[in-house]
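Written out below as structure tokens is the structure these notes cover.
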Amino acid sequence: VIGFGGRILGDGQPKYLNSPETRIFHKGFELYGLYEAKQFDDKLSQVVVVEGYMDVVALAEQGIRYAVASLGTSTTPEHLQMLFRNVKKVIFCYDGDRAGIDAAWRALENALAHLKDGIELTFTFLPEGEDPDTLVQKEGKAAFETRLGEAKSFNQFFFEHLLLTIDSTTDSGKTALVAAAKPLIEKIPSEFFRDIILDKLAVIVGRERSQLDRYFADAATTTPVQVGKMKLTPMRRAIGLLVQQPSLAN
């Protein structure tokens, strides 16, 4: 036991309340249920990440003993590192509303720098008004696990989310898609995952893969201006912009 966490039953704030942070308890580093999942199966191969404590409890009651939840926070890079050290497959399971999709996207962004060969990352979204707790009680273990097995792949969710706000049928939209995808792809250390994304991106924008490779290679050779040892704070960045573009002062 390293700390305690609670979830309000009913309406009110805060929804989640944890013990104060200590030298051994940092909520952004811990996952509720991971210890129990590993105790239940010492050869744990997959984990499903859900939103809250009660979802983990409800799934365990139905025999799904590999669910974990963050302690009322977003999924952090530290959470992802911990998961990828312990299992080969991570399934994010969130509500299908705007908040759930945004939470899944933040998890994907935090996962990019930790993706390595042999890892599988998928995303499943539940029907509106449902959460894992209510749904698993309605449909049972087998049906719920079928949903998990039909989860969207990493690259499928990656492009679905970007294309929500970008029209890839126009030239400007294709350019915008490449620009939006580029900084995300550059975070990925795994050549396998990068290849999957770049192959799909080439198909969407109607370009040869070699053209995209040249574009990414050219961008990688452009080194940013160094500011000596001075830390580039938001204030210094703002002052620098004002010096270059005085009209921004208005």
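Ordering of the structure tokens sets the chain letters (A, B, ...), residue numbers begin anew at 1 in every chain, and ligands are numbered from 1 in the order given.
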_Neighbouring residues of segment 35-38 of chain A were defined as those with any atom within 6 Å, considering only C-alpha atoms; residues of the same chain fewer than 2 positions away were excluded. Please report them as number ranges by chain._
A: 33, 40-42, 65-66
Same residues, N, CA and C atoms, saved as a PDB file, in the first residue's frame:
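Output file again-v8.pdb follows:
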ATOM      1  N   GLY A  33      -4.830  -1.242 -10.146  1.00  0.00           N
ATOM      2  CA  GLY A  33      -5.150  -2.560 -10.667  1.00  0.00           C
ATOM      3  C   GLY A  33      -4.004  -3.287 -11.334  1.00  0.00           C
ATOM      4  N   PHE A  40      -2.568 -11.907 -10.489  1.00  0.00           N
ATOM      5  CA  PHE A  40      -3.504 -12.894 -11.026  1.00  0.00           C
ATOM      6  C   PHE A  40      -2.869 -13.704 -12.153  1.00  0.00           C
ATOM      7  N   ASP A  41      -2.048 -13.042 -12.980  1.00  0.00           N
ATOM      8  CA  ASP A  41      -1.425 -13.703 -14.128  1.00  0.00           C
ATOM      9  C   ASP A  41       0.016 -13.244 -14.242  1.00  0.00           C
ATOM     10  N   ASP A  42       0.950 -14.110 -13.841  1.00  0.00           N
ATOM     11  CA  ASP A  42       2.359 -13.709 -13.857  1.00  0.00           C
ATOM     12  C   ASP A  42       2.927 -13.680 -15.274  1.00  0.00           C
ATOM     13  N   ARG A  65      -9.659  -9.689 -15.665  1.00  0.00           N
ATOM     14  CA  ARG A  65      -8.750  -9.358 -14.564  1.00  0.00           C
ATOM     15  C   ARG A  65      -7.492  -8.626 -15.022  1.00  0.00           C
ATOM     16  N   TYR A  66      -7.568  -8.011 -16.198  1.00  0.00           N
ATOM     17  CA  TYR A  66      -6.380  -7.324 -16.712  1.00  0.00           C
ATOM     18  C   TYR A  66      -6.666  -5.853 -17.016  1.00  0.00           C
TER      19      TYR A  66
END
*With a distance cut-off of 8 Å and only C-alpha atoms, select the neighbouring residues of Lys174 of chain A, excluding the residue or stretch itself and same-chain residues fewer than 5 positions from it, and output the selection as a PyMOL selection string.*
chain A and resi 167-169+204-205
*Run DSSP on the backbone and grab whatever in segment 5-224 of chain A lands in alpha helix (DSSP H); send it over as a PyMOL selection string.*
chain A and resi 34-40+53-61+77-86+98-111+132-149+154-162+171-185+191-205+209-220
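For the pair atom CA of Ala60 of chain A and atom CA of Asp131 of chain A, the separation is 14.4 Å.
Take the candidates A:Asn250, A:Gln62, A:Asn155, A:Asn110 and check each one against Gln81 of chain A using only C-alpha atoms; the shortest distance goes to A:Asn110.
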*Enumerate, as JSON, numbers by chain, the complete set of residues in segment 19-183 of chain A that a backbone-based DSSP assignment places in strand (DSSP E or B).*
{"A": [31, 32, 46, 47, 48, 49, 50, 67, 68, 69, 70, 89, 90, 91, 92, 93, 94, 95, 120, 121, 122, 123, 124, 125, 126, 152, 153]}
